[in-house]
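Undergrad: The file below is coords08.cif, mmCIF, C-alpha atoms, pLDDT in the B column; chains and numbers go by the auth columns:
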```cif
data_model
loop_
_atom_site.group_PDB
_atom_site.id
_atom_site.type_symbol
_atom_site.label_atom_id
_atom_site.label_comp_id
_atom_site.label_asym_id
_atom_site.label_seq_id
_atom_site.Cartn_x
_atom_site.Cartn_y
_atom_site.Cartn_z
_atom_site.B_iso_or_equiv
_atom_site.auth_seq_id
_atom_site.auth_asym_id
ATOM 1 C CA MET A 1 85.694 92.813 66.489 49.00 184 P
ATOM 2 C CA VAL A 2 83.500 95.706 65.289 46.00 185 P
ATOM 3 C CA ASN A 3 81.667 95.211 62.056 46.00 186 P
ATOM 4 C CA ILE A 4 81.758 98.803 60.805 47.00 187 P
ATOM 5 C CA GLU A 5 80.353 98.005 57.411 52.00 188 P
ATOM 6 C CA SER A 6 79.832 94.926 55.367 54.00 189 P
ATOM 7 C CA VAL A 7 82.831 94.308 53.165 64.00 190 P
ATOM 8 C CA ASN A 8 84.032 91.308 51.261 87.00 191 P
ATOM 9 C CA MET A 9 87.666 90.478 51.474 93.00 192 P
ATOM 10 C CA ASN A 10 89.231 87.373 50.019 96.00 193 P
ATOM 11 C CA ILE A 11 91.885 85.545 51.972 97.00 194 P
ATOM 12 C CA VAL A 12 93.964 83.397 49.619 98.00 195 P
ATOM 13 C CA PHE A 13 95.872 80.418 51.015 98.00 196 P
ATOM 14 C CA PHE A 14 98.780 78.497 49.580 97.00 197 P
ATOM 15 C CA ALA A 15 100.520 75.186 50.235 96.00 198 P
ATOM 16 C CA ILE A 16 100.074 73.863 53.786 95.00 199 P
ATOM 17 C CA ALA A 17 97.792 76.781 54.750 97.00 200 P
ATOM 18 C CA ARG A 18 95.392 75.677 52.006 97.00 201 P
ATOM 19 C CA ASP A 19 95.130 72.266 53.665 96.00 202 P
ATOM 20 C CA PHE A 20 93.409 73.978 56.588 97.00 203 P
ATOM 21 C CA PHE A 21 91.284 76.648 54.916 97.00 204 P
ATOM 22 C CA GLY A 22 90.894 75.730 51.232 98.00 205 P
ATOM 23 C CA SER A 23 92.183 77.968 48.415 98.00 206 P
ATOM 24 C CA VAL A 24 90.197 81.065 49.289 97.00 207 P
ATOM 25 C CA ILE A 25 87.723 82.270 51.850 96.00 208 P
ATOM 26 C CA SER A 26 85.605 85.373 51.587 95.00 209 P
ATOM 27 C CA ILE A 27 85.241 87.315 54.806 91.00 210 P
ATOM 28 C CA ASP A 28 82.384 89.685 55.375 82.00 211 P
ATOM 29 C CA SER A 29 83.888 91.518 58.341 77.00 212 P
ATOM 30 C CA GLU A 30 86.426 94.190 59.022 82.00 213 P
ATOM 31 C CA PHE A 31 89.718 93.559 60.737 90.00 214 P
ATOM 32 C CA LYS A 32 91.885 96.291 62.150 92.00 215 P
ATOM 33 C CA ASP A 33 95.188 94.802 61.138 95.00 216 P
ATOM 34 C CA ILE A 34 96.973 91.618 60.095 97.00 217 P
ATOM 35 C CA ALA A 35 97.506 90.545 63.716 97.00 218 P
ATOM 36 C CA THR A 36 93.735 90.647 64.286 96.00 219 P
ATOM 37 C CA LEU A 37 93.122 88.691 61.105 96.00 220 P
ATOM 38 C CA LYS A 38 95.651 86.055 62.217 97.00 221 P
ATOM 39 C CA GLN A 39 93.831 85.640 65.519 96.00 222 P
ATOM 40 C CA TYR A 40 90.516 85.314 63.682 96.00 223 P
ATOM 41 C CA LEU A 41 91.914 82.603 61.391 97.00 224 P
ATOM 42 C CA ILE A 42 93.356 80.709 64.357 97.00 225 P
ATOM 43 C CA SER A 43 90.031 80.948 66.184 96.00 226 P
ATOM 44 C CA GLN A 44 88.322 79.400 63.140 95.00 227 P
ATOM 45 C CA LYS A 45 90.860 76.572 62.820 97.00 228 P
ATOM 46 C CA PRO A 46 92.843 76.201 66.050 97.00 229 P
ATOM 47 C CA GLU A 47 94.897 73.387 64.501 97.00 230 P
ATOM 48 C CA SER A 48 96.288 75.910 61.984 97.00 231 P
ATOM 49 C CA GLU A 49 97.936 78.076 64.666 97.00 232 P
ATOM 50 C CA LYS A 50 101.516 76.995 63.977 95.00 233 P
ATOM 51 C CA VAL A 51 101.100 77.472 60.236 95.00 234 P
ATOM 52 C CA ILE A 52 99.358 80.849 60.538 97.00 235 P
ATOM 53 C CA LEU A 53 101.913 82.190 63.009 96.00 236 P
ATOM 54 C CA SER A 54 104.823 81.106 60.815 94.00 237 P
ATOM 55 C CA SER A 55 103.264 82.438 57.599 96.00 238 P
ATOM 56 C CA ARG A 56 103.921 85.807 56.069 96.00 239 P
ATOM 57 C CA PHE A 57 100.980 87.844 54.806 97.00 240 P
ATOM 58 C CA ALA A 58 100.994 89.813 51.571 98.00 241 P
ATOM 59 C CA VAL A 59 98.891 92.524 49.935 97.00 242 P
ATOM 60 C CA ASP A 60 99.338 93.721 46.335 95.00 243 P
ATOM 61 C CA MET A 61 102.477 91.582 45.873 95.00 244 P
ATOM 62 C CA GLU A 62 104.190 93.031 48.934 96.00 245 P
ATOM 63 C CA PHE A 63 104.763 91.382 52.313 96.00 246 P
ATOM 64 C CA VAL A 64 103.035 93.221 55.136 97.00 247 P
ATOM 65 C CA SER A 65 103.689 93.209 58.876 97.00 248 P
ATOM 66 C CA ASP A 66 101.318 92.316 61.719 97.00 249 P
ATOM 67 C CA GLU A 67 100.727 96.049 62.244 97.00 250 P
ATOM 68 C CA PHE A 68 99.560 96.615 58.657 96.00 251 P
ATOM 69 C CA ILE A 69 96.156 98.332 58.752 95.00 252 P
ATOM 70 C CA ILE A 70 93.560 96.530 56.668 94.00 253 P
ATOM 71 C CA GLU A 71 91.637 99.207 54.837 91.00 254 P
ATOM 72 C CA ASN A 72 89.974 98.847 51.432 90.00 255 P
ATOM 73 C CA ILE A 73 91.836 95.632 50.762 93.00 256 P
ATOM 74 C CA ALA A 74 90.268 93.172 48.327 93.00 257 P
ATOM 75 C CA GLU A 75 92.703 90.310 48.764 96.00 258 P
ATOM 76 C CA ILE A 76 95.188 89.169 51.369 97.00 259 P
ATOM 77 C CA TYR A 77 97.592 86.313 50.666 98.00 260 P
ATOM 78 C CA VAL A 78 98.729 83.843 53.309 98.00 261 P
ATOM 79 C CA ILE A 79 102.260 82.724 52.444 97.00 262 P
ATOM 80 C CA PRO A 80 103.579 79.762 54.485 95.00 263 P
ATOM 81 C CA PRO A 81 107.356 79.444 54.925 93.00 264 P
ATOM 82 C CA SER A 82 109.021 78.929 51.557 92.00 265 P
ATOM 83 C CA SER A 83 110.465 75.559 50.587 89.00 266 P
ATOM 84 C CA GLY A 84 111.677 76.115 47.060 86.00 267 P
ATOM 85 C CA GLY A 85 115.000 74.920 45.733 86.00 268 P
ATOM 86 C CA MET B 1 104.996 84.819 30.007 70.00 67 K
ATOM 87 C CA GLU B 2 106.984 83.745 33.075 85.00 68 K
ATOM 88 C CA LYS B 3 110.729 84.222 33.045 96.00 69 K
ATOM 89 C CA TYR B 4 111.837 82.407 36.196 98.00 70 K
ATOM 90 C CA ILE B 5 109.099 79.863 36.867 98.00 71 K
ATOM 91 C CA THR B 6 108.359 77.053 34.448 98.00 72 K
ATOM 92 C CA THR B 7 106.105 74.020 34.265 97.00 73 K
ATOM 93 C CA LYS B 8 108.409 72.396 31.708 97.00 74 K
ATOM 94 C CA PRO B 9 111.483 70.223 32.444 98.00 75 K
ATOM 95 C CA ILE B 10 114.611 72.322 33.018 98.00 76 K
ATOM 96 C CA ASP B 11 117.160 71.809 30.251 98.00 77 K
ATOM 97 C CA LEU B 12 120.504 72.306 32.015 98.00 78 K
ATOM 98 C CA ASN B 13 122.510 71.930 28.805 98.00 79 K
ATOM 99 C CA LEU B 14 120.475 74.612 27.061 97.00 80 K
ATOM 100 C CA MET B 15 120.740 76.940 30.056 97.00 81 K
ATOM 101 C CA LEU B 16 124.512 76.477 30.154 98.00 82 K
ATOM 102 C CA LYS B 17 124.787 77.004 26.409 97.00 83 K
ATOM 103 C CA GLU B 18 122.953 80.323 26.703 96.00 84 K
ATOM 104 C CA SER B 19 125.114 81.544 29.576 97.00 85 K
ATOM 105 C CA HIS B 20 128.482 81.976 27.842 97.00 86 K
ATOM 106 C CA HIS B 21 129.811 85.515 27.833 96.00 87 K
ATOM 107 C CA ALA B 22 133.006 86.764 26.219 97.00 88 K
ATOM 108 C CA GLU B 23 134.037 88.721 29.334 97.00 89 K
ATOM 109 C CA ALA B 24 133.325 85.900 31.790 97.00 90 K
ATOM 110 C CA GLY B 25 136.114 83.622 32.936 98.00 91 K
ATOM 111 C CA ALA B 26 133.870 81.652 35.269 98.00 92 K
ATOM 112 C CA ILE B 27 130.401 80.165 35.029 98.00 93 K
ATOM 113 C CA VAL B 28 128.768 78.532 38.061 98.00 94 K
ATOM 114 C CA LEU B 29 125.742 76.346 37.450 98.00 95 K
ATOM 115 C CA PHE B 30 123.768 75.110 40.450 98.00 96 K
ATOM 116 C CA SER B 31 121.165 72.435 39.890 98.00 97 K
ATOM 117 C CA GLY B 32 118.891 71.721 42.836 97.00 98 K
ATOM 118 C CA GLU B 33 117.613 68.195 42.250 97.00 99 K
ATOM 119 C CA ALA B 34 115.076 65.854 43.800 96.00 100 K
ATOM 120 C CA ARG B 35 116.771 63.225 45.949 95.00 101 K
ATOM 121 C CA ILE B 36 115.425 59.815 46.795 96.00 102 K
ATOM 122 C CA ASN B 37 115.993 59.994 50.566 92.00 103 K
ATOM 123 C CA ASN B 38 115.063 62.709 52.996 85.00 104 K
ATOM 124 C CA GLU B 39 115.593 62.248 56.719 82.00 105 K
ATOM 125 C CA GLY B 40 115.436 58.488 56.371 88.00 106 K
ATOM 126 C CA LYS B 41 112.278 58.457 54.302 91.00 107 K
ATOM 127 C CA LYS B 42 112.105 57.137 50.755 95.00 108 K
ATOM 128 C CA VAL B 43 110.861 59.839 48.401 96.00 109 K
ATOM 129 C CA ALA B 44 108.832 58.886 45.303 97.00 110 K
ATOM 130 C CA PHE B 45 108.719 62.338 43.673 97.00 111 K
ATOM 131 C CA LEU B 46 108.299 66.016 44.515 97.00 112 K
ATOM 132 C CA GLN B 47 105.517 68.401 43.666 97.00 113 K
ATOM 133 C CA TYR B 48 106.221 72.146 43.660 97.00 114 K
ATOM 134 C CA GLU B 49 103.706 74.943 43.643 97.00 115 K
ATOM 135 C CA SER B 50 104.149 78.674 43.594 97.00 116 K
ATOM 136 C CA PHE B 51 102.336 81.957 43.813 97.00 117 K
ATOM 137 C CA ILE B 52 103.808 82.647 40.389 97.00 118 K
ATOM 138 C CA PRO B 53 103.391 86.421 39.832 97.00 119 K
ATOM 139 C CA PHE B 54 104.752 87.167 43.306 97.00 120 K
ATOM 140 C CA ALA B 55 107.583 84.639 42.876 98.00 121 K
ATOM 141 C CA GLU B 56 108.534 86.197 39.540 98.00 122 K
ATOM 142 C CA LYS B 57 108.664 89.644 41.113 97.00 123 K
ATOM 143 C CA LEU B 58 110.754 88.492 44.083 98.00 124 K
ATOM 144 C CA ILE B 59 113.232 86.491 41.993 98.00 125 K
ATOM 145 C CA ALA B 60 113.728 89.506 39.700 98.00 126 K
ATOM 146 C CA LYS B 61 114.454 91.618 42.790 98.00 127 K
ATOM 147 C CA ILE B 62 116.898 89.043 44.206 98.00 128 K
ATOM 148 C CA ILE B 63 118.768 88.894 40.889 98.00 129 K
ATOM 149 C CA GLU B 64 118.834 92.685 40.723 98.00 130 K
ATOM 150 C CA GLU B 65 120.304 92.834 44.227 98.00 131 K
ATOM 151 C CA ALA B 66 122.893 90.159 43.388 98.00 132 K
ATOM 152 C CA CYS B 67 123.957 92.264 40.398 98.00 133 K
ATOM 153 C CA LEU B 68 124.440 95.253 42.698 98.00 134 K
ATOM 154 C CA LYS B 69 126.640 93.211 45.062 98.00 135 K
ATOM 155 C CA TRP B 70 128.786 91.459 42.449 98.00 136 K
ATOM 156 C CA ASP B 71 129.906 92.270 38.918 98.00 137 K
ATOM 157 C CA LEU B 72 128.087 89.533 37.037 98.00 138 K
ATOM 158 C CA LYS B 73 128.302 89.075 33.314 98.00 139 K
ATOM 159 C CA TYR B 74 125.328 86.747 33.109 98.00 140 K
ATOM 160 C CA VAL B 75 122.728 85.521 35.566 98.00 141 K
ATOM 161 C CA HIS B 76 119.653 83.405 35.188 97.00 142 K
ATOM 162 C CA CYS B 77 117.361 81.292 37.318 98.00 143 K
ATOM 163 C CA LEU B 78 114.660 78.815 36.440 98.00 144 K
ATOM 164 C CA HIS B 79 112.481 76.995 38.977 98.00 145 K
ATOM 165 C CA LYS B 80 110.123 74.239 37.963 98.00 146 K
ATOM 166 C CA VAL B 81 106.633 73.903 39.400 98.00 147 K
ATOM 167 C CA GLY B 82 104.570 70.738 39.165 98.00 148 K
ATOM 168 C CA LYS B 83 105.907 67.212 39.423 98.00 149 K
ATOM 169 C CA VAL B 84 109.675 66.727 39.727 98.00 150 K
ATOM 170 C CA GLU B 85 111.019 63.207 39.432 98.00 151 K
ATOM 171 C CA ILE B 86 114.005 61.868 41.382 98.00 152 K
ATOM 172 C CA SER B 87 117.300 63.257 39.955 97.00 153 K
ATOM 173 C CA GLU B 88 115.398 65.842 37.924 98.00 154 K
ATOM 174 C CA PRO B 89 116.394 69.505 38.433 98.00 155 K
ATOM 175 C CA ALA B 90 113.822 71.510 40.368 98.00 156 K
ATOM 176 C CA VAL B 91 115.832 74.708 40.096 98.00 157 K
ATOM 177 C CA CYS B 92 118.841 75.936 38.151 98.00 158 K
ATOM 178 C CA ILE B 93 120.857 79.061 38.920 98.00 159 K
ATOM 179 C CA ILE B 94 123.618 80.230 36.591 98.00 160 K
ATOM 180 C CA THR B 95 125.993 83.055 37.390 98.00 161 K
ATOM 181 C CA SER B 96 129.032 84.156 35.479 98.00 162 K
ATOM 182 C CA SER B 97 131.740 86.670 36.229 98.00 163 K
ATOM 183 C CA VAL B 98 135.291 87.640 35.301 98.00 164 K
ATOM 184 C CA HIS B 99 136.722 85.468 38.104 97.00 165 K
ATOM 185 C CA ARG B 100 135.155 82.538 39.948 97.00 166 K
ATOM 186 C CA LYS B 101 134.714 84.054 43.410 97.00 167 K
ATOM 187 C CA GLU B 102 131.936 86.439 42.421 98.00 168 K
ATOM 188 C CA ALA B 103 130.097 83.777 40.421 98.00 169 K
ATOM 189 C CA TYR B 104 130.199 81.299 43.350 98.00 170 K
ATOM 190 C CA LEU B 105 129.105 83.837 45.948 98.00 171 K
ATOM 191 C CA ALA B 106 126.343 85.290 43.805 98.00 172 K
ATOM 192 C CA ASN B 107 125.057 81.827 42.981 98.00 173 K
ATOM 193 C CA GLN B 108 124.855 80.847 46.663 98.00 174 K
ATOM 194 C CA TYR B 109 123.260 84.166 47.518 97.00 175 K
ATOM 195 C CA ILE B 110 120.523 83.722 44.896 98.00 176 K
ATOM 196 C CA ILE B 111 119.625 80.120 45.779 97.00 177 K
ATOM 197 C CA HIS B 112 119.697 80.914 49.495 95.00 178 K
ATOM 198 C CA ARG B 113 117.253 83.789 49.117 96.00 179 K
ATOM 199 C CA ILE B 114 115.010 81.839 46.752 96.00 180 K
ATOM 200 C CA LYS B 115 114.767 78.924 49.207 94.00 181 K
ATOM 201 C CA HIS B 116 113.975 81.193 52.129 92.00 182 K
ATOM 202 C CA GLU B 117 111.950 84.047 50.715 94.00 183 K
ATOM 203 C CA VAL B 118 110.209 83.234 47.444 96.00 184 K
ATOM 204 C CA PRO B 119 106.696 81.758 47.588 97.00 185 K
ATOM 205 C CA ILE B 120 107.524 78.360 46.164 97.00 186 K
ATOM 206 C CA TRP B 121 106.543 75.256 48.114 97.00 187 K
ATOM 207 C CA LYS B 122 107.678 71.664 47.952 96.00 188 K
ATOM 208 C CA LYS B 123 105.507 68.671 48.726 96.00 189 K
ATOM 209 C CA GLU B 124 107.405 65.428 49.119 95.00 190 K
ATOM 210 C CA PHE B 125 105.448 62.363 48.112 97.00 191 K
ATOM 211 C CA LEU B 126 106.841 59.310 49.857 96.00 192 K
ATOM 212 C CA GLU B 127 106.910 55.762 48.568 95.00 193 K
ATOM 213 C CA ASP B 128 104.337 54.713 51.180 93.00 194 K
ATOM 214 C CA GLY B 129 101.792 57.063 49.568 93.00 195 K
ATOM 215 C CA SER B 130 101.939 59.759 52.250 94.00 196 K
ATOM 216 C CA PHE B 131 103.231 63.287 51.738 94.00 197 K
ATOM 217 C CA ILE B 132 105.115 65.944 53.695 92.00 198 K
ATOM 218 C CA TRP B 133 105.200 69.672 53.057 92.00 199 K
ATOM 219 C CA GLY B 134 108.819 70.763 52.818 85.00 200 K
ATOM 220 C CA GLY B 135 110.137 73.468 55.091 68.00 201 K
ATOM 221 C CA ASN B 136 113.374 75.386 54.620 60.00 202 K
ATOM 222 C CA CYS B 137 113.037 78.151 57.092 57.00 203 K
ATOM 223 C CA ASN B 138 110.668 79.997 59.309 51.00 204 K
ATOM 224 C CA CYS B 139 111.453 83.353 57.749 53.00 205 K
ATOM 225 C CA SER B 140 108.832 85.247 59.703 51.00 206 K
ATOM 226 C CA ASP B 141 110.751 84.491 62.886 55.00 207 K
ATOM 227 C CA PRO B 142 114.041 86.437 62.880 52.00 208 K
ATOM 228 C CA ASN B 143 115.403 84.140 65.592 56.00 209 K
ATOM 229 C CA LYS B 144 115.045 81.132 63.348 58.00 210 K
ATOM 230 C CA HIS B 145 115.952 82.676 60.019 56.00 211 K
ATOM 231 C CA ILE B 146 119.336 81.541 58.669 62.00 212 K
ATOM 232 C CA THR B 147 121.145 84.384 56.949 64.00 213 K
ATOM 233 C CA PHE B 148 123.101 84.040 53.723 65.00 214 K
ATOM 234 C CA GLU B 149 126.330 84.684 55.657 70.00 215 K
ATOM 235 C CA GLU B 150 125.515 81.864 58.092 67.00 216 K
ATOM 236 C CA SER B 151 124.677 79.541 55.239 64.00 217 K
ATOM 237 C CA ILE B 152 128.099 79.830 53.574 64.00 218 K
ATOM 238 C CA ASN B 153 130.111 79.317 56.772 60.00 219 K
#
```
Turn this file's structure into structure tokens for me.

TA:
Amino acid sequence: MVNIESVNMNIVFFAIARDFFGSVISIDSEFKDIATLKQYLISQKPESEKVILSSRFAVDMEFVSDEFIIENIAEIYVIPPSSGG
Amino acid sequence: MEKYITTKPIDLNLMLKESHHAEAGAIVLFSGEARINNEGKKVAFLQYESFIPFAEKLIAKIIEEACLKWDLKYVHCLHKVGKVEISEPAVCIITSSVHRKEAYLANQYIIHRIKHEVPIWKKEFLEDGSFIWGGNCNCSDPNKHITFEESIN
């Protein structure tokens, strides 16, 4: 991964994802897209792979795909599969 | 103030009382409640958490879409977060329409989408002191996602 410039981006985790990473981590690196970020998270906590791969990611209260380009994003939310109801 | 997510106990009687509509011949009330057994394990209580602002936005959208699909006279949803005791409602959906078919279908549609799409999570605390994160669906995998149509058949 190329560190183009130093940026701080918060990754916010919920439910079972929080059990692996805590509520929030601040990342001082740039990621091309969500897929790259997912791989980074898995590399940090290999035991979280199943949870990360089954989670949806969101930016500004919208779900984003793996291809979503991460540019000037302050916060990314990691949303594990829902279990409401 | 939140409209669809609450930390307070859900008052089913009050919700039903507020749902009457002069043009509605049918009211369907669904109460999703905490049950004592799950897959052979004894459950002590449930704990729900949510990403509340996102959940509020998504539930509003789901209700809006239900209103486009069916002619509903009244619709409301309330989901509790925090501790839910056995037999206590965790979620209540009320739909009303001129005839019963629309109210039933819309009600199932709303609860199905809430369970599968809205960022609300259930943690089951078992009597032995352990806990399990609930899982309804792996919605990010289209091969595993159960559609509303599949759920009512």

Undergrad: Taking only residues of chain P that have an atom at most 8 Å from an atom of chain K, what is each one's shortest atom pair and its distance in Å to one decimal, using only C-alpha atoms, in chain and number order, as CSV?

TA:
```
residue,atom,partner,partner_atom,distance
P:Phe197,CA,K:Phe117,CA,7.6
P:Ala198,CA,K:Trp187,CA,6.4
P:Ile199,CA,K:Trp199,CA,6.7
P:Ser237,CA,K:Ser206,CA,5.9
P:Ser238,CA,K:Ser206,CA,6.6
P:Arg239,CA,K:Ser206,CA,6.1
P:Met244,CA,K:Phe120,CA,5.6
P:Ile262,CA,K:Pro185,CA,6.6
P:Pro263,CA,K:Pro185,CA,7.8
P:Pro264,CA,K:Asn204,CA,5.5
P:Ser265,CA,K:Pro185,CA,5.4
P:Ser266,CA,K:Trp187,CA,4.6
P:Gly267,CA,K:Lys181,CA,4.7
P:Gly268,CA,K:Lys181,CA,5.3
```

Undergrad: Since I can't run it myself right now, could you work out what the PyMOL selection byres ((chain P and resi 235) around 12) selects here and report it as JSON, numbers by chain?

TA: {"P": [196, 197, 198, 199, 200, 201, 202, 203, 204, 217, 218, 219, 220, 221, 222, 223, 224, 225, 226, 227, 228, 229, 230, 231, 232, 233, 234, 236, 237, 238, 239, 240, 249, 260, 261, 262, 263, 264], "K": [204, 206]}

Undergrad: Tell me, in Å to one decimal, how far atom CA of Val195 of chain P is from atom CA of Glu130 of chain K.

TA: 28.0 Å

Undergrad: Which neighbours of Ala88 of chain K fall inside 12 Å, counting all atoms listed in the file, when residues of the same chain fewer than 3 positions from it are skipped, and could you give them as a VMD selection string?

TA: chain K and resid 84 to 85 91 to 93 139 to 140 162 to 164

Undergrad: In Å, with one decimal, what is the gap from atom CA of Leu78 of chain K to atom CA of Phe191 of chain K?

TA: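 Computing it gives 24.2 Å between the two atoms.
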
Undergrad: Just to confirm, what's the straight-line distance from atom CA of Ser209 of chain P to atom CA of Asn255 of chain P in Å (one decimal)?

TA: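 One can read the atom CA of Ser209 of chain P to atom CA of Asn255 of chain P distance as 14.2 Å.
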
Undergrad: Just checking: using all atoms listed in the file, which residue out of K:Ala110, K:Ile118, K:Met67, K:Ala132 ends up closest to Leu171 of chain K?

TA: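 Using all atoms listed in the file, the shortest distance to Leu171 of chain K belongs to K:Ala132.
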
Undergrad: Listed atoms of segment 86-102 of chain K, axis-aligned box, 5 Å per side: centre and edge lengths to one decimal in Å, as lines of an AutoDock Vina configuration file?

TA:
```
center_x = 125.6
center_y = 74.3
center_z = 36.5
size_x = 31.0
size_y = 38.9
size_z = 30.6
```
